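What follows is entry_1.tsv (TSV, C-alpha atoms).
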```tsv
chain	number	residue	atom	x	y	z
A	11	MET	CA	-19.95	-45.12	84.39
A	12	ILE	CA	-19.21	-41.43	83.80
A	13	LEU	CA	-18.09	-40.38	80.32
A	14	PHE	CA	-15.27	-37.84	80.02
A	15	ARG	CA	-15.12	-35.64	76.94
A	16	PRO	CA	-13.46	-32.26	76.27
A	17	GLY	CA	-15.78	-29.33	77.06
A	18	SER	CA	-18.04	-31.37	79.34
A	19	HIS	CA	-19.18	-30.32	82.82
A	20	LEU	CA	-16.68	-32.83	84.21
A	21	ASP	CA	-13.85	-31.32	82.17
A	22	PHE	CA	-14.81	-27.83	83.36
A	23	LEU	CA	-14.89	-28.82	87.05
A	24	VAL	CA	-11.56	-30.67	86.87
A	25	THR	CA	-9.93	-27.75	85.07
A	26	LEU	CA	-11.27	-25.26	87.60
A	27	LEU	CA	-10.09	-27.29	90.61
A	28	SER	CA	-6.70	-27.78	88.96
A	29	ILE	CA	-6.28	-24.00	88.84
A	30	VAL	CA	-7.64	-23.04	92.25
A	31	GLY	CA	-7.13	-26.11	94.45
A	32	GLU	CA	-10.50	-25.83	96.18
A	33	TYR	CA	-13.91	-24.35	95.42
A	34	PRO	CA	-16.81	-23.23	97.68
A	35	VAL	CA	-19.90	-25.43	97.72
A	36	GLN	CA	-22.10	-22.36	98.17
A	37	SER	CA	-20.96	-20.98	94.79
A	38	VAL	CA	-21.81	-23.96	92.58
A	39	SER	CA	-24.36	-21.77	90.79
A	40	LEU	CA	-21.48	-19.92	89.08
A	41	LEU	CA	-20.39	-23.11	87.30
A	42	GLY	CA	-23.33	-23.37	84.92
A	43	ASN	CA	-26.58	-25.31	85.29
A	44	GLU	CA	-26.83	-25.55	89.08
A	45	ARG	CA	-28.91	-28.71	89.14
A	46	VAL	CA	-26.56	-30.52	86.77
A	47	MET	CA	-23.42	-29.39	88.61
A	48	LYS	CA	-24.78	-30.35	92.04
A	49	ALA	CA	-25.66	-33.81	90.74
A	50	LEU	CA	-22.19	-34.20	89.20
A	51	ILE	CA	-20.45	-33.11	92.42
A	52	HIS	CA	-22.56	-35.55	94.43
A	53	ASP	CA	-21.58	-38.39	92.08
A	54	LEU	CA	-17.88	-37.48	92.06
A	55	ALA	CA	-17.76	-37.60	95.86
A	56	LEU	CA	-18.53	-41.35	95.58
A	57	PRO	CA	-16.43	-44.10	93.91
A	58	GLN	CA	-17.17	-44.12	90.18
A	59	SER	CA	-15.92	-45.63	86.93
A	60	PHE	CA	-14.74	-43.27	84.18
A	61	HIS	CA	-14.40	-43.70	80.43
A	62	ASN	CA	-12.44	-41.37	78.14
A	63	SER	CA	-14.54	-40.86	75.00
A	64	ILE	CA	-11.45	-39.91	72.95
A	65	THR	CA	-8.81	-42.48	73.98
A	66	GLY	CA	-11.03	-45.27	75.27
A	67	GLU	CA	-9.10	-45.40	78.58
A	68	LYS	CA	-10.91	-46.34	81.78
A	69	PHE	CA	-10.28	-46.13	85.50
A	70	SER	CA	-12.23	-46.13	88.78
A	71	GLY	CA	-11.98	-43.99	91.89
A	72	ARG	CA	-13.37	-41.16	94.00
A	73	ILE	CA	-12.59	-37.81	92.41
A	74	ILE	CA	-13.47	-35.15	94.96
A	75	SER	CA	-13.81	-34.67	98.70
A	76	ILE	CA	-16.20	-32.25	100.38
A	77	SER	CA	-15.13	-30.96	103.77
A	78	GLY	CA	-15.80	-28.19	106.27
A	79	LYS	CA	-18.97	-26.55	107.48
A	80	SER	CA	-21.15	-23.94	105.82
A	81	PRO	CA	-20.47	-21.26	104.72
A	82	ASN	CA	-16.88	-22.52	104.23
A	83	LYS	CA	-17.76	-25.97	102.90
A	84	THR	CA	-15.18	-26.72	100.23
A	85	ILE	CA	-14.61	-29.05	97.26
A	86	ARG	CA	-11.11	-30.50	96.65
A	87	LEU	CA	-9.62	-33.11	94.34
A	88	CYS	CA	-8.57	-36.52	95.65
A	89	LYS	CA	-5.27	-38.22	94.74
A	90	SER	CA	-7.24	-40.81	92.80
A	91	ALA	CA	-8.25	-38.01	90.38
A	92	LEU	CA	-4.79	-37.92	88.75
A	93	PRO	CA	-5.79	-40.01	85.70
A	94	LEU	CA	-8.69	-37.63	85.12
A	95	LEU	CA	-6.35	-34.63	85.37
A	96	ALA	CA	-4.15	-36.25	82.74
A	97	TRP	CA	-7.16	-36.56	80.43
A	98	ALA	CA	-8.00	-32.88	80.99
A	99	GLY	CA	-4.38	-31.85	80.37
A	100	THR	CA	-4.09	-30.20	83.79
A	101	GLY	CA	-2.11	-32.78	85.75
A	102	ARG	CA	1.33	-31.18	85.46
A	103	TYR	CA	0.09	-27.77	86.63
A	104	TYR	CA	-1.99	-29.23	89.47
A	105	LEU	CA	0.95	-31.23	90.83
A	106	SER	CA	3.31	-28.25	90.67
A	107	ALA	CA	0.80	-25.84	92.25
A	108	TRP	CA	-1.00	-28.07	94.75
A	109	GLY	CA	0.63	-31.50	94.77
A	110	ARG	CA	2.73	-30.89	97.89
A	111	GLN	CA	0.31	-28.54	99.62
A	112	VAL	CA	-1.72	-29.63	102.62
A	113	PHE	CA	-4.87	-27.57	102.50
A	114	SER	CA	-5.55	-25.67	105.69
A	115	GLY	CA	-8.91	-25.77	107.41
A	116	ASN	CA	-8.24	-22.31	108.81
A	117	ARG	CA	-11.23	-20.13	108.01
A	118	ALA	CA	-9.13	-17.21	106.72
A	119	HIS	CA	-7.11	-19.49	104.40
A	120	VAL	CA	-10.23	-21.16	103.03
A	121	GLU	CA	-11.92	-17.79	102.55
A	122	ARG	CA	-8.90	-16.50	100.63
A	123	ASN	CA	-8.86	-19.57	98.35
A	124	HIS	CA	-12.60	-19.26	97.78
A	125	ARG	CA	-12.33	-15.60	96.73
A	126	VAL	CA	-9.74	-16.56	94.13
A	127	ALA	CA	-11.77	-19.61	93.05
A	128	GLU	CA	-14.91	-17.57	92.37
A	129	THR	CA	-12.82	-15.08	90.40
A	130	VAL	CA	-11.49	-17.88	88.17
A	131	ALA	CA	-14.99	-19.32	87.70
A	132	MET	CA	-16.24	-15.94	86.48
A	133	PHE	CA	-13.45	-15.55	83.92
A	134	LEU	CA	-13.62	-19.16	82.71
A	135	ARG	CA	-17.36	-18.86	82.15
A	136	ALA	CA	-16.94	-15.45	80.47
A	137	GLY	CA	-14.38	-16.87	78.04
A	138	ILE	CA	-11.34	-14.90	79.23
A	139	GLU	CA	-8.09	-16.87	79.42
A	140	CYS	CA	-7.02	-17.56	83.01
A	141	ARG	CA	-5.51	-21.05	82.77
A	142	PRO	CA	-1.93	-20.47	84.04
A	143	TRP	CA	-0.37	-23.09	81.75
A	144	ARG	CA	-1.71	-21.24	78.68
A	145	LEU	CA	-0.54	-17.74	79.66
A	146	PRO	CA	2.60	-15.97	78.40
A	147	SER	CA	5.36	-15.90	81.03
A	148	LEU	CA	5.73	-12.46	82.62
A	149	GLN	CA	9.14	-10.91	83.26
A	150	LEU	CA	10.64	-7.86	85.00
A	151	ARG	CA	13.78	-7.33	82.90
A	152	GLN	CA	12.85	-5.23	79.86
A	153	ARG	CA	9.97	-3.65	77.97
A	154	GLU	CA	8.44	-6.24	75.68
A	155	ALA	CA	4.84	-6.56	74.48
A	156	ILE	CA	4.43	-10.14	75.68
A	157	ILE	CA	0.69	-9.72	76.31
A	158	ARG	CA	-1.61	-8.78	73.45
A	159	GLU	CA	-4.86	-10.64	74.11
A	160	PRO	CA	-6.81	-10.39	77.41
A	161	ASN	CA	-5.22	-12.68	80.02
A	162	VAL	CA	-5.92	-13.05	83.74
A	163	TYR	CA	-2.99	-13.75	86.08
A	164	LEU	CA	-3.80	-14.89	89.62
A	165	SER	CA	-2.20	-13.09	92.55
A	166	LYS	CA	-0.14	-16.13	93.60
A	167	ASP	CA	1.37	-16.33	90.11
A	168	LEU	CA	2.11	-12.59	90.01
A	169	LYS	CA	4.12	-12.95	93.22
A	170	GLN	CA	6.28	-15.64	91.64
A	171	ILE	CA	7.52	-13.61	88.65
A	172	GLU	CA	10.81	-12.97	90.44
A	173	GLU	CA	11.65	-14.23	93.90
A	174	GLY	CA	11.47	-11.44	96.45
A	175	GLU	CA	10.55	-8.75	93.93
A	176	LEU	CA	6.80	-8.62	94.51
A	177	ASN	CA	6.40	-10.12	97.98
A	178	LYS	CA	4.44	-7.08	99.21
A	179	THR	CA	1.39	-8.33	97.32
A	180	ARG	CA	0.95	-11.23	99.74
A	181	TYR	CA	-0.54	-8.76	102.21
A	182	THR	CA	-3.25	-7.51	99.88
A	183	ARG	CA	-6.78	-8.52	98.96
A	184	LEU	CA	-5.94	-8.78	95.27
A	185	THR	CA	-7.15	-11.99	93.62
A	186	GLY	CA	-5.57	-11.34	90.22
A	187	ALA	CA	-5.10	-8.91	87.35
A	188	LEU	CA	-6.54	-8.73	83.83
A	189	PHE	CA	-3.88	-7.62	81.35
A	190	SER	CA	-4.34	-6.79	77.69
A	191	LEU	CA	-2.22	-4.68	75.37
A	192	GLY	CA	-2.11	-1.20	76.92
A	193	SER	CA	-4.44	-2.04	79.80
A	194	CYS	CA	-4.47	-3.61	83.26
A	195	LEU	CA	-7.39	-4.10	85.63
A	196	ALA	CA	-6.75	-5.13	89.25
A	197	ILE	CA	-9.21	-7.84	90.38
A	198	TYR	CA	-10.86	-8.08	93.81
A	199	ASN	CA	-13.70	-10.18	95.21
A	200	THR	CA	-15.67	-9.04	98.25
A	201	ARG	CA	-17.95	-12.14	98.09
A	202	ASN	CA	-20.85	-11.74	100.55
A	203	ALA	CA	-19.25	-9.45	103.12
A	204	VAL	CA	-17.69	-6.00	103.28
A	205	MET	CA	-14.07	-6.42	102.23
A	206	ARG	CA	-11.36	-5.43	104.67
A	207	TRP	CA	-9.23	-2.83	102.92
A	208	VAL	CA	-5.51	-2.37	103.59
A	209	GLY	CA	-4.85	0.95	101.88
A	210	ASP	CA	-1.05	1.04	102.09
A	211	GLY	CA	-0.70	-2.53	100.82
A	212	GLU	CA	-3.12	-2.01	97.94
A	213	PHE	CA	-1.41	1.25	96.95
A	214	LYS	CA	1.91	-0.64	96.71
A	215	THR	CA	0.18	-3.43	94.79
A	216	ARG	CA	-1.08	-0.92	92.24
A	217	HIS	CA	2.47	0.24	91.62
A	218	ASP	CA	3.63	-3.37	91.26
A	219	LEU	CA	0.94	-3.85	88.61
A	220	ILE	CA	2.06	-0.68	86.82
A	221	ARG	CA	5.61	-2.04	86.71
A	222	ILE	CA	4.51	-5.45	85.43
A	223	GLY	CA	2.18	-3.85	82.89
A	224	ARG	CA	4.82	-1.45	81.52
A	225	LEU	CA	7.32	-4.24	81.01
A	226	ASN	CA	4.91	-6.79	79.52
A	227	ALA	CA	1.88	-5.06	78.00
A	228	GLU	CA	2.73	-1.42	77.18
A	229	VAL	CA	0.61	-0.21	80.13
A	230	ASN	CA	1.09	3.44	81.15
A	231	ASP	CA	-1.00	3.44	84.33
A	232	VAL	CA	-3.31	1.25	86.41
A	233	ASP	CA	-6.23	3.35	87.62
A	234	SER	CA	-9.04	0.79	87.39
A	235	ALA	CA	-10.19	-2.32	89.24
A	236	VAL	CA	-12.88	-4.98	88.94
A	237	LEU	CA	-14.75	-5.80	92.14
A	238	PHE	CA	-16.78	-9.02	92.23
A	239	GLY	CA	-19.36	-9.57	94.97
A	240	ARG	CA	-22.83	-10.76	95.89
A	241	SER	CA	-24.56	-7.37	95.79
A	242	TYR	CA	-24.16	-3.76	94.72
A	243	GLU	CA	-24.93	-2.66	98.27
A	244	LEU	CA	-21.93	-4.60	99.66
A	245	ALA	CA	-19.69	-3.15	96.97
A	246	LEU	CA	-20.80	0.39	97.80
A	247	LYS	CA	-20.26	-0.17	101.52
A	248	THR	CA	-16.83	-1.71	100.86
A	249	ILE	CA	-15.76	1.52	99.18
A	250	GLU	CA	-17.35	3.80	101.75
A	251	VAL	CA	-15.70	2.12	104.77
A	252	SER	CA	-12.28	1.73	103.14
A	253	VAL	CA	-10.84	4.95	104.59
A	254	PRO	CA	-7.49	4.34	106.36
A	255	LYS	CA	-6.98	6.59	109.38
A	256	GLY	CA	-5.37	9.82	108.30
A	257	LYS	CA	-4.94	8.65	104.69
A	258	PRO	CA	-8.09	9.37	102.68
A	259	GLU	CA	-6.05	9.01	99.48
A	260	ASN	CA	-5.71	5.28	100.28
A	261	ARG	CA	-9.46	4.71	100.21
A	262	PHE	CA	-10.47	2.09	97.62
A	263	ASP	CA	-11.65	4.71	95.11
A	264	GLY	CA	-8.56	6.79	95.90
A	265	VAL	CA	-6.20	3.99	94.90
A	266	TYR	CA	-8.37	3.11	91.86
A	267	ARG	CA	-10.36	5.94	90.30
A	268	HIS	CA	-12.58	3.49	88.40
A	269	ILE	CA	-14.05	0.41	90.13
A	270	TYR	CA	-16.27	-1.82	87.99
A	271	PHE	CA	-18.58	-3.88	90.19
A	272	LEU	CA	-19.74	-7.18	88.69
A	273	PRO	CA	-22.15	-9.42	90.64
A	274	LEU	CA	-21.35	-13.08	91.22
A	275	ASN	CA	-24.15	-14.46	89.04
A	276	GLU	CA	-25.03	-15.09	85.38
A	277	PHE	CA	-25.63	-11.38	84.75
A	278	GLY	CA	-22.17	-10.62	86.12
A	279	ILE	CA	-20.57	-13.34	83.96
A	280	ARG	CA	-22.06	-11.74	80.85
A	281	GLN	CA	-20.75	-8.34	81.94
A	282	THR	CA	-17.32	-9.86	82.60
A	283	ALA	CA	-17.09	-10.86	78.94
A	284	LEU	CA	-17.35	-7.18	77.99
A	285	LEU	CA	-14.06	-6.51	79.81
A	286	THR	CA	-12.25	-7.88	76.76
A	287	LEU	CA	-13.26	-4.87	74.65
A	288	PRO	CA	-10.58	-2.23	74.12
A	289	ASP	CA	-11.87	1.22	75.19
A	290	ARG	CA	-15.04	-0.47	76.42
A	291	LYS	CA	-16.52	2.68	77.94
A	292	GLU	CA	-16.00	4.72	74.77
A	293	GLN	CA	-17.55	2.03	72.59
A	294	ILE	CA	-20.64	1.99	74.82
A	295	LEU	CA	-20.96	5.79	74.91
A	296	ASP	CA	-20.57	5.98	71.12
A	297	LEU	CA	-23.55	3.63	70.79
A	298	LEU	CA	-25.67	5.64	73.22
A	299	PHE	CA	-25.10	9.28	72.30
A	300	GLU	CA	-24.54	11.54	69.32
A	301	PRO	CA	-21.05	13.13	69.35
A	302	GLU	CA	-22.41	16.66	69.76
A	303	THR	CA	-24.18	15.69	73.01
A	304	ARG	CA	-21.17	14.01	74.64
A	305	SER	CA	-19.39	15.61	77.61
A	306	TYR	CA	-16.04	13.88	76.92
A	307	GLY	CA	-15.14	14.36	80.58
A	308	ASN	CA	-15.10	18.17	80.31
A	309	GLY	CA	-17.87	18.93	82.81
A	310	SER	CA	-17.40	20.10	86.38
A	311	PHE	CA	-18.91	16.80	87.58
A	312	GLU	CA	-19.43	13.24	86.28
A	313	TYR	CA	-21.90	12.89	83.41
A	314	ASP	CA	-21.73	11.56	79.84
A	315	ALA	CA	-24.10	13.61	77.71
A	316	TYR	CA	-26.30	16.70	77.81
A	317	ILE	CA	-29.64	16.16	76.02
A	318	ASP	CA	-32.75	18.36	76.25
A	319	ARG	CA	-31.32	20.28	79.21
A	320	THR	CA	-30.71	16.99	81.04
A	321	HIS	CA	-27.38	15.64	82.29
A	322	VAL	CA	-27.25	11.94	81.35
A	323	PHE	CA	-25.03	9.43	83.17
A	324	SER	CA	-24.36	5.89	81.91
A	325	PHE	CA	-23.97	3.10	84.46
A	326	LEU	CA	-23.72	0.40	81.79
A	327	ASP	CA	-20.02	-0.11	82.59
A	328	SER	CA	-20.91	-0.60	86.31
A	329	ASP	CA	-18.27	1.91	87.45
A	330	ILE	CA	-19.41	2.23	91.06
A	331	ALA	CA	-16.60	4.63	92.02
A	332	ARG	CA	-17.72	7.04	89.32
A	333	LEU	CA	-21.33	6.55	90.45
A	334	ILE	CA	-20.37	7.79	93.93
A	335	ARG	CA	-18.95	10.97	92.41
A	336	PHE	CA	-22.05	11.43	90.24
A	337	ALA	CA	-24.35	10.92	93.22
A	338	ALA	CA	-22.82	13.87	95.04
A	339	ALA	CA	-23.48	16.18	92.06
A	340	ALA	CA	-26.98	14.78	91.54
A	341	GLU	CA	-28.10	16.26	94.86
A	342	ASP	CA	-28.36	19.60	93.04
A	343	ARG	CA	-32.11	19.99	92.42
A	344	ARG	CA	-31.55	22.92	90.08
A	345	ARG	CA	-30.42	20.48	87.40
A	346	ARG	CA	-32.17	17.60	85.63
A	347	PHE	CA	-30.50	14.18	85.67
A	348	GLU	CA	-31.05	10.87	83.92
A	349	VAL	CA	-29.27	7.54	84.36
A	350	VAL	CA	-28.96	4.86	81.68
A	351	CYS	CA	-28.64	1.37	83.19
A	352	PHE	CA	-29.56	-2.29	82.88
A	353	PRO	CA	-32.90	-3.39	84.42
A	354	GLU	CA	-30.91	-5.55	86.89
A	355	GLN	CA	-29.26	-2.40	88.29
A	356	LEU	CA	-32.41	-0.32	88.69
A	357	ASP	CA	-33.39	-1.19	92.28
A	358	PHE	CA	-29.89	-0.50	93.57
A	359	LEU	CA	-29.63	2.85	91.77
A	360	ARG	CA	-33.00	3.99	93.10
A	361	SER	CA	-31.88	3.12	96.63
A	362	CYS	CA	-28.69	5.20	96.51
A	363	LEU	CA	-29.48	8.14	94.21
A	364	PRO	CA	-31.77	11.15	94.79
A	365	ASP	CA	-35.49	10.68	94.09
A	366	GLN	CA	-35.70	13.23	91.28
A	367	ILE	CA	-33.49	11.24	88.90
A	368	HIS	CA	-35.08	9.66	85.83
A	369	TYR	CA	-33.98	6.29	84.42
A	370	LYS	CA	-33.76	4.62	81.05
A	371	THR	CA	-33.01	0.91	80.84
A	372	ILE	CA	-31.29	-1.13	78.14
A	373	GLU	CA	-31.24	-4.92	77.98
A	374	LEU	CA	-27.77	-6.45	78.22
A	375	SER	CA	-28.55	-8.65	75.21
A	376	ALA	CA	-29.01	-5.53	73.06
A	377	LEU	CA	-25.60	-4.24	74.11
A	378	GLU	CA	-24.00	-7.65	73.53
A	379	ASP	CA	-25.41	-7.75	70.00
A	380	ALA	CA	-24.29	-4.19	69.22
A	381	LEU	CA	-20.76	-4.76	70.52
A	382	GLY	CA	-20.44	-8.31	69.17
A	383	VAL	CA	-19.40	-9.76	72.53
A	384	LYS	CA	-21.08	-12.59	74.44
A	385	ALA	CA	-19.88	-14.77	77.30
A	386	ARG	CA	-18.77	-18.18	76.12
A	387	CYS	CA	-17.00	-20.63	78.40
A	388	LEU	CA	-13.37	-21.25	77.42
A	389	LEU	CA	-13.82	-25.01	77.44
A	390	ASP	CA	-16.77	-24.79	75.02
A	391	ARG	CA	-14.60	-23.38	72.24
```
The structure given in the file should be rewritten as structure tokens.
Amino acid sequence: MILFRPGSHLDFLVTLLSIVGEYPVQSVSLLGNERVMKALIHDLALPQSFHNSITGEKFSGRIISISGKSPNKTIRLCKSALPLLAWAGTGRYYLSAWGRQVFSGNRAHVERNHRVAETVAMFLRAGIECRPWRLPSLQLRQREAIIREPNVYLSKDLKQIEEGELNKTRYTRLTGALFSLGSCLAIYNTRNAVMRWVGDGEFKTRHDLIRIGRLNAEVNDVDSAVLFGRSYELALKTIEVSVPKGKPENRFDGVYRHIYFLPLNEFGIRQTALLTLPDRKEQILDLLFEPETRSYGNGSFEYDAYIDRTHVFSFLDSDIARLIRFAAAAEDRRRRFEVVCFPEQLDFLRSCLPDQIHYKTIELSALEDALGVKARCLLDR
């Protein structure tokens, strides 16, 4: 018999599948302790008896199905899981979002669902609200500060704000958007391949997000995006090859001037939690440098401070678009350059920046302590 209790691994998995419909087997490591989650998934694919530790209710059945072939092997809920969804408080949303849908085995459809699913897993684990039934309802009628705390809206829910108003977003690679008061970050997930970029569609999507943000969260502009993926190298290549013919302004880092790459792993989950900080970059730079050394964006190229005749650049916010601009300036051997980064970023930076650059590393735990922010799964609260 499997015991159900709020905040358990079972509760987390049921909540996740209620939101996304299906989840990739190859990404189970994002869900917490990989060994524990794999064992739970194996058990749930077989008939089991369940006991609710709060209400005392019991039922038996098979909860999940696993179908497809690697790398698109996918986990979905069975109809017999409905009592468990009721215990988790997700049944109504699941039935409205997925109850009438027949999941397609088409590779492109599964891939799309998996990109969204990994995005949700990252935000759930980081402690950022992304459960649709707990989010304020967005509108396109008037300016009203509906959103104040960080909230993630999935792309499929953004398209449903008003029928026909935002249908252009169905042609984009967007997986969602992170809104907070005065801020919006577009969310993408390249997974383990270079992402196909549709410049015109993403440019229109950015303007849709600006409109939504102005009317619901006092957002003035949307110039930043989060890009999830398996490696920094794939993220860099995704940006470099995203040049539409004849429209260089529609390149990924032309549509979004700041692109924060976060890897699909535990390190990336901890970085994702930092996205909740208002003026995150400024808070980090204030910790690193004395005011009199700061550049405050006034230099002729990208750097953050000038110390002992050295131009210092911080990569602690993982802004890979800004890194590309810095890399071009760092080719100048007449100047001295230094990069501040996490140890996990060091190998990548050495592979893409000139040899003469010096590095200083800071542990993420030190930054978490200084900023007072740590990843904590929503269901653990």
Could you give me, as a count of residues only, the residues that have an atom at most 9 Å away from the point (1.7, -11.0, 71.4) in the coordinates of the file, using all atoms listed in the file? 8
Could you tell me how far CA of Phe325 in chain A lies from CA of Cys351 in chain A, in Å and to one decimal? 5.1 Å
What gap, in Å, lies between CA of Val35 in chain A and CA of Asn62 in chain A? 26.3 Å
From A:Leu148, A:Asp390, A:Lys89, A:His52, residue lying nearest Asp21 in chain A [only C-alpha atoms]: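 Result for the nearest residue to Asp21 in chain A: A:Asp390.
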Tell me, in Å to one decimal, how far CA of Ser190 in chain A is from CA of Pro160 in chain A. 4.4 Å
Which residues are close to range 356-358 of chain A, i.e. within 9 Å by all atoms listed in the file, leaving aside same-chain residues fewer than 6 positions away? Reply as a PyMOL selection string. chain A and resi 241-243+369+371
Show which residues sit within 7 Å of Ala385 in chain A, as number ranges by chain. Count all atoms listed in the file, and ignore same-chain residues fewer than 5 positions away. A: 135-137, 279-280, 283
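Of the residues listed (A:Ala340, A:Leu363, A:Met132, A:Asp296), A:Ala340 shows the shortest atom-to-atom separation from Glu312 in chain A; distances use all atoms listed in the file.
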Excluding Phe133 in chain A and its own-chain neighbours fewer than 3 positions away, which residues fall within 12 Å of it when counting all atoms listed in the file? Please give them as a PyMOL selection string. chain A and resi 26+40-41+126-130+136-141+160-164+186-188+197+236+238+272+274-276+278-286+385-389
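Among the candidate residues A:Ser310, A:Asn199, A:Asn226, A:Asn123, the one lying nearest to Ser147 in chain A is A:Asn226, with distances computed using only C-alpha atoms.
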Measuring between all atoms listed in the file, which one of A:Gly307, A:Gly109, A:Gly115, A:Gly223 shows the shortest distance to Gly31 in chain A?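 Smallest separation from Gly31 in chain A among the options: A:Gly109.
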